[in-house]
Structure formats: structure tokens, C-alpha cells
>>> print(open('model_37.cif').read())   # mmCIF, C-alpha atoms
data_my_file
#
loop_
_atom_site.label_atom_id
_atom_site.label_comp_id
_atom_site.auth_asym_id
_atom_site.auth_seq_id
_atom_site.Cartn_x
_atom_site.Cartn_y
_atom_site.Cartn_z
CA MET A 1 86.83 104.14 92.80
CA PHE A 2 89.45 103.49 90.14
CA ARG A 3 90.05 99.79 90.63
CA GLY A 4 90.69 97.81 87.48
CA THR A 5 90.15 100.50 84.85
CA ALA A 6 91.37 103.89 83.76
CA THR A 7 87.92 104.72 82.38
CA VAL A 8 85.81 106.48 84.97
CA SER A 9 82.48 108.25 84.83
CA PRO A 10 82.16 112.06 84.96
CA ILE A 11 80.11 111.85 88.15
CA GLU A 12 83.15 110.58 90.01
CA ARG A 13 85.13 113.66 89.04
CA TYR A 14 82.22 115.79 90.17
CA LEU A 15 82.52 114.35 93.66
CA ASP A 16 86.04 115.75 94.11
CA SER A 17 87.76 117.00 90.96
CA GLU A 18 91.13 117.63 92.63
CA LEU A 19 91.33 114.16 94.17
CA PHE A 20 90.02 112.60 90.96
CA ASP A 21 92.75 114.18 88.84
CA LEU A 22 95.48 113.17 91.28
CA LEU A 23 94.34 109.55 91.48
CA LYS A 24 93.91 109.32 87.72
CA LYS A 25 97.68 109.69 87.39
CA VAL A 26 98.05 106.46 89.36
CA VAL A 27 95.20 104.36 87.97
CA VAL A 28 96.72 104.09 84.49
CA PHE A 29 99.38 101.71 85.83
CA GLU A 30 98.53 98.02 86.06
CA ASP A 31 100.78 97.42 89.09
CA LYS A 32 99.27 100.09 91.32
CA SER A 33 100.56 100.20 94.89
CA VAL A 34 100.39 102.18 98.10
CA SER A 35 103.91 103.44 97.48
CA MET A 36 102.69 105.15 94.30
CA ILE A 37 100.14 107.08 96.36
CA GLU A 38 102.94 108.09 98.71
CA GLN A 39 105.22 109.19 95.88
CA ALA A 40 102.42 111.19 94.26
CA GLU A 41 102.18 113.23 97.49
CA ILE A 42 98.40 113.18 97.33
CA PHE A 43 98.31 113.31 101.12
CA SER A 44 101.25 115.54 101.89
CA SER A 45 100.95 115.39 105.69
CA ALA A 46 100.52 111.60 105.92
CA CYS A 47 103.16 109.03 106.75
CA PHE A 48 103.02 105.58 105.13
CA TYR A 49 104.01 102.03 105.95
CA HIS A 50 103.64 99.67 103.00
CA LYS A 51 105.93 96.72 103.62
CA LEU A 52 104.41 93.38 102.62
CA ILE A 53 102.95 91.23 105.38
CA SER A 54 102.99 87.44 105.51
CA ARG A 55 101.98 84.80 108.03
CA GLU A 56 105.63 84.25 108.87
CA ASN A 57 106.64 87.87 109.45
CA ARG A 58 103.44 89.23 110.97
CA ASP A 59 104.78 90.02 114.44
CA ALA A 60 107.87 91.76 113.09
CA TRP A 61 105.75 93.55 110.49
CA LEU A 62 103.45 94.91 113.20
CA HIS A 63 106.39 96.02 115.36
CA ASN A 64 107.87 97.94 112.44
CA ALA A 65 104.49 99.43 111.51
CA LEU A 66 103.94 100.66 115.06
CA GLU A 67 107.35 102.29 115.01
CA ALA A 68 106.85 103.90 111.59
CA LEU A 69 103.43 105.31 112.51
CA ARG A 70 104.30 106.38 116.04
CA ASP A 71 103.54 110.07 115.46
CA ALA A 72 100.22 109.59 113.64
CA GLU A 73 97.03 110.79 115.33
CA LEU A 74 94.80 108.66 113.07
CA VAL A 75 96.03 105.33 111.67
CA PHE A 76 94.32 103.92 108.57
CA CYS A 77 94.63 100.14 108.27
CA ASP A 78 93.77 98.70 104.86
CA PRO A 79 93.50 94.89 105.02
CA ASP A 80 92.13 93.13 101.95
CA ASN A 81 89.13 91.66 103.76
CA GLY A 82 88.67 93.45 107.08
CA PRO A 83 88.86 91.93 110.59
CA ILE A 84 90.01 88.36 110.96
CA GLY A 85 86.93 87.09 112.81
CA ALA A 86 87.10 83.38 113.66
CA LYS A 87 90.34 82.80 111.74
CA SER A 88 93.58 82.36 113.67
CA LYS A 89 96.48 84.75 113.11
CA GLY A 90 98.59 82.02 111.51
CA SER A 91 95.91 80.43 109.32
CA LYS A 92 95.88 80.36 105.54
CA ASN A 93 95.29 83.80 104.01
CA SER A 94 95.29 85.40 107.47
CA GLU A 95 97.60 88.11 106.11
CA LYS A 96 94.57 89.46 104.22
CA TYR A 97 92.87 90.36 107.51
CA ILE A 98 93.56 92.63 110.45
CA CYS A 99 93.53 91.24 114.00
CA PRO A 100 91.57 93.09 116.70
CA SER A 101 94.67 92.95 118.91
CA GLU A 102 96.56 94.99 116.31
CA ILE A 103 93.92 97.72 116.42
CA VAL A 104 94.11 97.61 120.21
CA ASP A 105 97.90 98.12 120.06
CA TYR A 106 97.47 101.42 118.23
CA TYR A 107 94.54 102.53 120.36
CA ASN A 108 96.18 101.77 123.70
CA ARG A 109 99.07 104.07 122.97
CA GLY A 110 96.71 106.98 122.31
CA GLN A 111 96.01 106.72 118.59
CA ASN A 112 92.69 106.59 116.77
CA VAL A 113 92.20 103.92 114.12
CA VAL A 114 90.09 103.54 110.99
CA TYR A 115 90.12 100.22 109.17
CA TYR A 116 88.68 98.96 105.92
CA CYS A 117 86.10 96.19 105.87
CA GLN A 118 83.93 94.75 103.12
CA LYS A 119 80.64 92.94 103.59
CA ALA A 120 81.54 90.42 100.86
CA ARG A 121 79.60 87.17 101.34
CA ARG A 122 78.67 87.79 104.95
CA THR A 123 74.98 87.60 105.78
CA TRP A 124 73.45 90.75 107.24
CA GLU A 125 73.58 89.15 110.69
CA GLN A 126 77.28 88.34 110.23
CA TRP A 127 77.91 91.83 108.93
CA ASP A 128 76.25 93.37 111.97
CA LYS A 129 78.55 91.34 114.22
CA THR A 130 81.63 92.19 112.16
CA LYS A 131 81.13 95.94 112.09
CA ASN A 132 80.57 96.04 115.86
CA GLU A 133 83.39 93.63 116.72
CA MET A 134 85.72 96.19 118.30
CA ILE A 135 83.15 97.08 120.98
CA GLU A 136 84.06 93.78 122.64
CA TYR A 137 87.76 94.66 122.73
CA LEU A 138 87.51 98.40 123.38
CA PRO A 139 84.17 99.02 125.14
CA ASP A 140 85.05 102.63 125.96
CA ALA A 141 85.99 103.56 122.40
CA ARG A 142 83.75 105.65 120.16
CA LEU A 143 82.77 103.86 116.94
CA TYR A 144 81.65 105.41 113.66
CA ILE A 145 80.98 103.48 110.45
CA LEU A 146 81.15 105.11 107.03
CA THR A 147 79.90 102.86 104.22
CA TYR A 148 80.47 103.15 100.47
CA HIS A 149 77.59 101.68 98.48
CA LYS A 150 78.64 101.88 94.84
CA GLY A 151 79.50 98.41 93.59
CA THR A 152 80.29 96.05 96.44
CA GLN A 153 79.55 97.39 99.92
CA ARG A 154 82.69 98.61 101.68
CA SER A 155 82.94 100.23 105.08
CA TYR A 156 85.47 102.30 106.97
CA ILE A 157 85.18 101.68 110.70
CA PHE A 158 86.53 104.40 112.98
CA VAL A 159 87.66 103.43 116.49
CA MET A 160 88.24 106.66 118.39
CA HIS A 161 89.11 107.83 121.85
CA PRO A 162 86.05 109.49 123.44
CA GLU A 163 87.82 112.84 123.71
CA ASP A 164 88.54 112.76 119.95
CA GLY A 165 85.26 111.25 118.80
CA ARG A 166 83.20 114.43 118.75
CA ARG A 167 85.73 116.22 116.53
CA TYR A 168 86.12 113.36 114.08
CA ILE A 169 82.39 112.71 113.84
CA ALA A 170 81.76 116.40 113.14
CA ILE A 171 84.25 116.19 110.25
CA LEU A 172 82.69 113.00 108.90
CA GLN A 173 79.15 114.32 109.10
CA LYS A 174 80.26 117.48 107.32
CA PHE A 175 81.65 115.17 104.62
CA LEU A 176 78.19 113.60 104.33
CA TYR A 177 76.73 117.03 103.62
CA THR A 178 78.68 117.11 100.36
CA ALA A 179 78.09 115.36 97.03
CA TRP A 180 79.76 112.28 98.52
CA SER A 181 76.44 111.50 100.23
CA ARG A 182 75.41 110.00 96.88
CA VAL A 183 77.65 107.02 97.52
CA PHE A 184 78.43 107.11 101.27
CA THR A 185 76.15 106.69 104.27
CA GLU A 186 76.73 106.35 107.97
CA GLU A 187 75.88 103.07 109.67
CA SER A 188 75.16 103.24 113.37
CA PRO A 189 77.12 101.00 115.73
CA GLU A 190 75.21 99.17 118.42
CA LYS A 191 76.31 101.56 121.17
CA ASN A 192 78.80 104.25 122.17
CA SER A 193 77.32 106.71 119.69
CA PRO A 194 74.79 109.51 120.14
CA SER A 195 73.44 108.55 116.73
CA SER A 196 72.10 105.33 118.27
CA ARG A 197 69.75 107.24 120.59
CA SER A 198 66.30 107.78 119.12
CA VAL A 199 63.81 110.53 119.89
CA GLY A 200 60.08 109.96 119.58
CA GLY A 201 58.52 106.83 118.16
CA LYS A 202 59.28 104.63 115.18
CA LEU A 203 57.44 104.74 111.87
CA GLU A 204 56.97 101.31 110.27
CA LEU A 205 55.92 101.12 106.63
CA GLU A 206 55.23 98.03 104.56
CA MET A 207 56.60 98.17 101.02
CA ASP A 208 54.89 96.53 98.02
CA SER A 209 57.38 93.68 98.35
CA GLY A 210 56.25 92.98 101.91
CA VAL A 211 59.48 94.30 103.40
CA ILE A 212 58.97 96.46 106.49
CA ALA A 213 60.89 99.73 106.57
CA THR A 214 61.41 101.20 110.04
CA ILE A 215 62.22 104.92 110.16
CA THR A 216 63.48 106.51 113.38
CA ALA A 217 64.48 110.09 114.16
CA GLN A 218 67.78 110.23 116.06
CA GLU A 219 68.94 112.55 118.80
CA ASP A 220 71.54 114.15 116.52
CA GLY A 221 68.90 115.24 113.98
CA TRP A 222 69.44 112.47 111.44
CA VAL A 223 67.10 109.65 110.35
CA THR A 224 67.86 105.93 110.64
CA ILE A 225 66.27 103.50 108.18
CA LYS A 226 66.17 99.73 108.69
CA PHE A 227 64.68 97.08 106.41
CA SER A 228 63.29 93.78 107.68
CA ASP A 229 65.08 91.77 104.98
CA GLN A 230 68.47 93.26 105.97
CA PRO A 231 68.50 92.89 109.77
CA GLY A 232 72.16 93.80 110.18
CA ARG A 233 72.01 97.01 108.19
CA SER A 234 71.13 100.42 109.59
CA THR A 235 71.41 103.35 107.18
CA ARG A 236 71.50 106.97 108.31
CA THR A 237 70.76 110.07 106.31
CA ARG A 238 70.04 113.74 106.91
CA ILE A 239 66.38 114.64 107.28
CA ASP A 240 66.68 117.23 104.48
CA HIS A 241 68.19 114.61 102.18
CA PHE A 242 65.51 112.08 103.16
CA LEU A 243 62.69 114.49 102.28
CA SER A 244 64.30 116.26 99.32
CA ASN A 245 62.43 114.17 96.72
CA TYR A 246 59.12 115.39 98.08
CA ARG A 247 59.80 119.14 98.01
CA ARG A 248 59.77 121.14 94.82
#
>>> encode(input="model_37.cif", output="C-alpha cells")
Amino acid sequence: MFRGTATVSPIERYLDSELFDLLKKVVVFEDKSVSMIEQAEIFSSACFYHKLISRENRDAWLHNALEALRDAELVFCDPDNGPIGAKSKGSKNSEKYICPSEIVDYYNRGQNVVYYCQKARRTWEQWDKTKNEMIEYLPDARLYILTYHKGTQRSYIFVMHPEDGRRYIAILQKFLYTAWSRVFTEESPEKNSPSSRSVGGKLELEMDSGVIATITAQEDGWVTIKFSDQPGRSTRTRIDHFLSNYRR
């Protein structure tokens, strides 16, 4: 939200004035860092691990991170570019990515994980594969994808234990009932989510551009919208929000 500039629009403060004012104290510095967020005590109940990672120290770095975050219920991993994909753990720039095995390490000891991922230059097909990647490694986990659409597309992918998933998803969907729904949407994973189960038929509409929009009502009361020119993208929104422009 504040990357690269201390000048921000009023609408961003409207989204969460308290968080906005706290982060604004940090954004004025050119050399912003995670440690500054920690020192500002913006998240008073959180614990942090912000040692630098490199290709050479990755295993030791992970060991120390696991130890430092042992008591956390939810671990947020913030790699520069998301999951490593086809790259090897020791390849050039691999320190900018998170390895699926590292997410598994947290999950297997009882923790839930959310990690950052950006679409970047991936095609929509590649993006669909990337955002669902952890299903292959943790088929019993509950996935939830929260995507930020202002500027470049960035997603936060939650990998949760089934017994925790309902509680976290309720919190996240409540979040999407706030003003943040202007810039965030939920993207449905391929499986392991009640939001992927449809009720009734699909409505297909052809836009003036020739793109086909497919609208489906989901079991949880939300609407999923897919566009034929973006095959890897599935956007969800509340029915009230979807129809709000047509009610006066």
C-alpha cells in the first residue's frame, strides 16, 4: 500500500484509518524493513523473524525461523516472489522464493501458514497452477486465497488445518464485508473449499468484446465470476455486492 512513496490517497486511509496512521510512520523512511514494523508495535501480539536469507544459509535460516516462530498459530511467510516453482533451492535468486517443503515444515507441526505470492509475468494458466500448488503437497489442508487487485495483482494464500479452516475463513469473509472489498477479492482454490461447490446452473454472458463471462452461485452464498480470456482466474464476491449497482 505504501511502497515507494509517502504520498498516499485519502481512500487508503478510509479503508483502515488506524492502520494507515501507524504505517505512515514507517513509510517516510527510504530503508524500510520488517524490523521497523516490529519496533512500531503495530501488531502487538505477533512475533517476528527477520534475519536475512541467502542461498548459502538457507537451511540454517529455516531452522532458526522454525525455532523463533514455534509458538505461533498462524505463520506469515513473505517471500519476494512467492513459491519457488520449477527453480531449485540453490539456484540463482532462489532466496526470493519460498519452497513448498518449508511450508510443509510449519504445517506438519500443527501450524497454519499464509504466504505472499504475486502473479507477475505468469500467464493465467501458470497462475492457476501456482496458487493451487500446495494441494499437491498437503492434500488434506484447507486453502483460501485472498487477492489484492490495486496495482499489480498480489495474493495471500492460506494453508490451514481443516479444524482451523472454518474459523479463519469466517474471519476472512467478514473482512471482505468491509470497505477492503474494494481492493480485495477471494479466489477459489481448485478443491478443499466449500466455496468451490456450486448450486444451480451457470449463467454465461458474452461481453461486447467477445469475452464470455461465466457466473455461478456457490454453496456458501457467494458468486463466482470467470472470464474466458483469463482461464486461471476465478473471482468471488458477495451477491449483495454483485447486484448493488442495479438497486437504487
>>> resolve_selection(input="model_37.cif", expression="the PyMOL selection byres ((chain A and resi 52-67) around 6)", output="number ranges by chain")
A: 51, 68-70, 90, 95
>>> atom_distance(input="model_37.cif", atom1="CA of Arg167 (chain A)", atom2="CA of His50 (chain A)")
27.9 Å
>>> atom_distance(input="model_37.cif", atom1="CA of Phe227 (chain A)", atom2="CA of Leu176 (chain A)")
21.4 Å
>>> resolve_selection(input="model_37.cif", expression="the PyMOL selection byres ((chain A and resi 25) around 12)", output="list of chain:residue names")
A:Phe2, A:Ala6, A:Glu18, A:Leu19, A:Phe20, A:Asp21, A:Leu22, A:Leu23, A:Lys24, A:Val26, A:Val27, A:Val28, A:Phe29, A:Glu30, A:Lys32, A:Met36, A:Ile37, A:Gln39, A:Ala40, A:Glu41, A:Ile42
>>> resolve_selection(input="model_37.cif", expression="the PyMOL selection byres ((chain A and resi 119) around 10)", output="MDAnalysis selection string")
chainID A and resid 81:82 117:118 120:124 126:128 130:131 147 152:155
>>> atom_distance(input="model_37.cif", atom1="CA of Phe158 (chain A)", atom2="CA of Ala217 (chain A)")
22.8 Å
>>> closest_residue(input="model_37.cif", among="A:Asp140, A:Asp164, A:Asp240, A:Glu125", to="Ser228 (chain A)", atoms="only C-alpha atoms")
A:Glu125
>>> closest_residue(input="model_37.cif", among="A:Ile171, A:Phe48, A:Pro100, A:Asp229", to="Gly210 (chain A)", atoms="all atoms listed in the file")
A:Asp229
>>> axis_aligned_box(input="model_37.cif", around="region 65-84 of chain A", padding_each_side="4 Å", output="AutoDock Vina command-line options")
--center_x 98.0 --center_y 99.6 --center_z 109.0 --size_x 26.7 --size_y 30.4 --size_z 22.1
>>> residues_near_point(input="model_37.cif", point="(78.5, 114.9, 99.4)", cutoff="12 Å", atoms="all atoms listed in the file", output="PyMOL selection string")
chain A and resi 11-12+14-16+148+172-185+237-238+241
>>> write_last_selection(input="model_37.cif", atoms="C-alpha atoms", output="PDB file, in the frame of the given file")
ATOM      1  CA  ILE A  11      80.110 111.850  88.150  1.00  0.00           C
ATOM      2  CA  GLU A  12      83.150 110.580  90.010  1.00  0.00           C
ATOM      3  CA  TYR A  14      82.220 115.790  90.170  1.00  0.00           C
ATOM      4  CA  LEU A  15      82.520 114.350  93.660  1.00  0.00           C
ATOM      5  CA  ASP A  16      86.040 115.750  94.110  1.00  0.00           C
ATOM      6  CA  TYR A 148      80.470 103.150 100.470  1.00  0.00           C
ATOM      7  CA  LEU A 172      82.690 113.000 108.900  1.00  0.00           C
ATOM      8  CA  GLN A 173      79.150 114.320 109.100  1.00  0.00           C
ATOM      9  CA  LYS A 174      80.260 117.480 107.320  1.00  0.00           C
ATOM     10  CA  PHE A 175      81.650 115.170 104.620  1.00  0.00           C
ATOM     11  CA  LEU A 176      78.190 113.600 104.330  1.00  0.00           C
ATOM     12  CA  TYR A 177      76.730 117.030 103.620  1.00  0.00           C
ATOM     13  CA  THR A 178      78.680 117.110 100.360  1.00  0.00           C
ATOM     14  CA  ALA A 179      78.090 115.360  97.030  1.00  0.00           C
ATOM     15  CA  TRP A 180      79.760 112.280  98.520  1.00  0.00           C
ATOM     16  CA  SER A 181      76.440 111.500 100.230  1.00  0.00           C
ATOM     17  CA  ARG A 182      75.410 110.000  96.880  1.00  0.00           C
ATOM     18  CA  VAL A 183      77.650 107.020  97.520  1.00  0.00           C
ATOM     19  CA  PHE A 184      78.430 107.110 101.270  1.00  0.00           C
ATOM     20  CA  THR A 185      76.150 106.690 104.270  1.00  0.00           C
ATOM     21  CA  THR A 237      70.760 110.070 106.310  1.00  0.00           C
ATOM     22  CA  ARG A 238      70.040 113.740 106.910  1.00  0.00           C
ATOM     23  CA  HIS A 241      68.190 114.610 102.180  1.00  0.00           C
TER      24      HIS A 241
END
>>> residues_near_point(input="model_37.cif", point="(94.8, 106.6, 120.2)", cutoff="8 Å", atoms="only C-alpha atoms", output="mmCIF file with C-alpha atoms, keeping the file's coordinate frame")
data_model
loop_
_atom_site.group_PDB
_atom_site.id
_atom_site.type_symbol
_atom_site.label_atom_id
_atom_site.label_comp_id
_atom_site.auth_asym_id
_atom_site.auth_seq_id
_atom_site.Cartn_x
_atom_site.Cartn_y
_atom_site.Cartn_z
ATOM 1 C CA GLU A 73 97.030 110.790 115.330
ATOM 2 C CA LEU A 74 94.800 108.660 113.070
ATOM 3 C CA TYR A 106 97.470 101.420 118.230
ATOM 4 C CA TYR A 107 94.540 102.530 120.360
ATOM 5 C CA ASN A 108 96.180 101.770 123.700
ATOM 6 C CA ARG A 109 99.070 104.070 122.970
ATOM 7 C CA GLY A 110 96.710 106.980 122.310
ATOM 8 C CA GLN A 111 96.010 106.720 118.590
ATOM 9 C CA ASN A 112 92.690 106.590 116.770
ATOM 10 C CA VAL A 113 92.200 103.920 114.120
ATOM 11 C CA MET A 160 88.240 106.660 118.390
ATOM 12 C CA HIS A 161 89.110 107.830 121.850
#
>>> decode(input="model_37.cif", residues="region 66-82 of chain A", atoms="N, CA and C atoms", output="PDB file, in the first residue's frame")
ATOM      1  N   LEU A  66      12.030 -21.603  12.327  1.00  0.00           N
ATOM      2  CA  LEU A  66      11.117 -22.558  12.960  1.00  0.00           C
ATOM      3  C   LEU A  66      11.180 -22.450  14.479  1.00  0.00           C
ATOM      4  N   GLU A  67      12.373 -22.257  14.991  1.00  0.00           N
ATOM      5  CA  GLU A  67      12.537 -22.138  16.440  1.00  0.00           C
ATOM      6  C   GLU A  67      11.925 -20.834  16.953  1.00  0.00           C
ATOM      7  N   ALA A  68      12.165 -19.739  16.229  1.00  0.00           N
ATOM      8  CA  ALA A  68      11.676 -18.431  16.670  1.00  0.00           C
ATOM      9  C   ALA A  68      10.154 -18.345  16.626  1.00  0.00           C
ATOM     10  N   LEU A  69       9.539 -19.065  15.697  1.00  0.00           N
ATOM     11  CA  LEU A  69       8.090 -18.971  15.488  1.00  0.00           C
ATOM     12  C   LEU A  69       7.346 -20.185  16.035  1.00  0.00           C
ATOM     13  N   ARG A  70       7.982 -20.894  16.930  1.00  0.00           N
ATOM     14  CA  ARG A  70       7.431 -22.155  17.438  1.00  0.00           C
ATOM     15  C   ARG A  70       6.041 -21.991  18.048  1.00  0.00           C
ATOM     16  N   ASP A  71       5.786 -20.887  18.720  1.00  0.00           N
ATOM     17  CA  ASP A  71       4.524 -20.714  19.447  1.00  0.00           C
ATOM     18  C   ASP A  71       3.426 -20.050  18.618  1.00  0.00           C
ATOM     19  N   ALA A  72       3.709 -19.734  17.363  1.00  0.00           N
ATOM     20  CA  ALA A  72       2.718 -19.042  16.531  1.00  0.00           C
ATOM     21  C   ALA A  72       1.649 -20.012  16.037  1.00  0.00           C
ATOM     22  N   GLU A  73       0.409 -19.563  16.039  1.00  0.00           N
ATOM     23  CA  GLU A  73      -0.685 -20.373  15.489  1.00  0.00           C
ATOM     24  C   GLU A  73      -0.762 -20.215  13.977  1.00  0.00           C
ATOM     25  N   LEU A  74      -0.502 -18.984  13.505  1.00  0.00           N
ATOM     26  CA  LEU A  74      -0.527 -18.671  12.076  1.00  0.00           C
ATOM     27  C   LEU A  74       0.801 -18.030  11.708  1.00  0.00           C
ATOM     28  N   VAL A  75       1.498 -18.611  10.743  1.00  0.00           N
ATOM     29  CA  VAL A  75       2.800 -18.110  10.311  1.00  0.00           C
ATOM     30  C   VAL A  75       2.642 -17.431   8.955  1.00  0.00           C
ATOM     31  N   PHE A  76       3.043 -16.163   8.875  1.00  0.00           N
ATOM     32  CA  PHE A  76       3.005 -15.422   7.617  1.00  0.00           C
ATOM     33  C   PHE A  76       4.396 -15.421   7.005  1.00  0.00           C
ATOM     34  N   CYS A  77       4.517 -15.990   5.821  1.00  0.00           N
ATOM     35  CA  CYS A  77       5.782 -16.026   5.087  1.00  0.00           C
ATOM     36  C   CYS A  77       5.709 -15.012   3.950  1.00  0.00           C
ATOM     37  N   ASP A  78       6.724 -14.162   3.850  1.00  0.00           N
ATOM     38  CA  ASP A  78       6.675 -13.045   2.906  1.00  0.00           C
ATOM     39  C   ASP A  78       7.854 -13.077   1.935  1.00  0.00           C
ATOM     40  N   PRO A  79       7.911 -14.084   1.050  1.00  0.00           N
ATOM     41  CA  PRO A  79       8.973 -14.098   0.040  1.00  0.00           C
ATOM     42  C   PRO A  79       8.738 -12.999  -0.988  1.00  0.00           C
ATOM     43  N   ASP A  80       9.794 -12.588  -1.667  1.00  0.00           N
ATOM     44  CA  ASP A  80       9.646 -11.530  -2.671  1.00  0.00           C
ATOM     45  C   ASP A  80       8.697 -11.944  -3.792  1.00  0.00           C
ATOM     46  N   ASN A  81       8.815 -13.208  -4.231  1.00  0.00           N
ATOM     47  CA  ASN A  81       8.125 -13.617  -5.454  1.00  0.00           C
ATOM     48  C   ASN A  81       7.173 -14.796  -5.299  1.00  0.00           C
ATOM     49  N   GLY A  82       6.983 -15.303  -4.098  1.00  0.00           N
ATOM     50  CA  GLY A  82       6.058 -16.414  -3.932  1.00  0.00           C
ATOM     51  C   GLY A  82       6.755 -17.763  -3.951  1.00  0.00           C
TER      52      GLY A  82
END
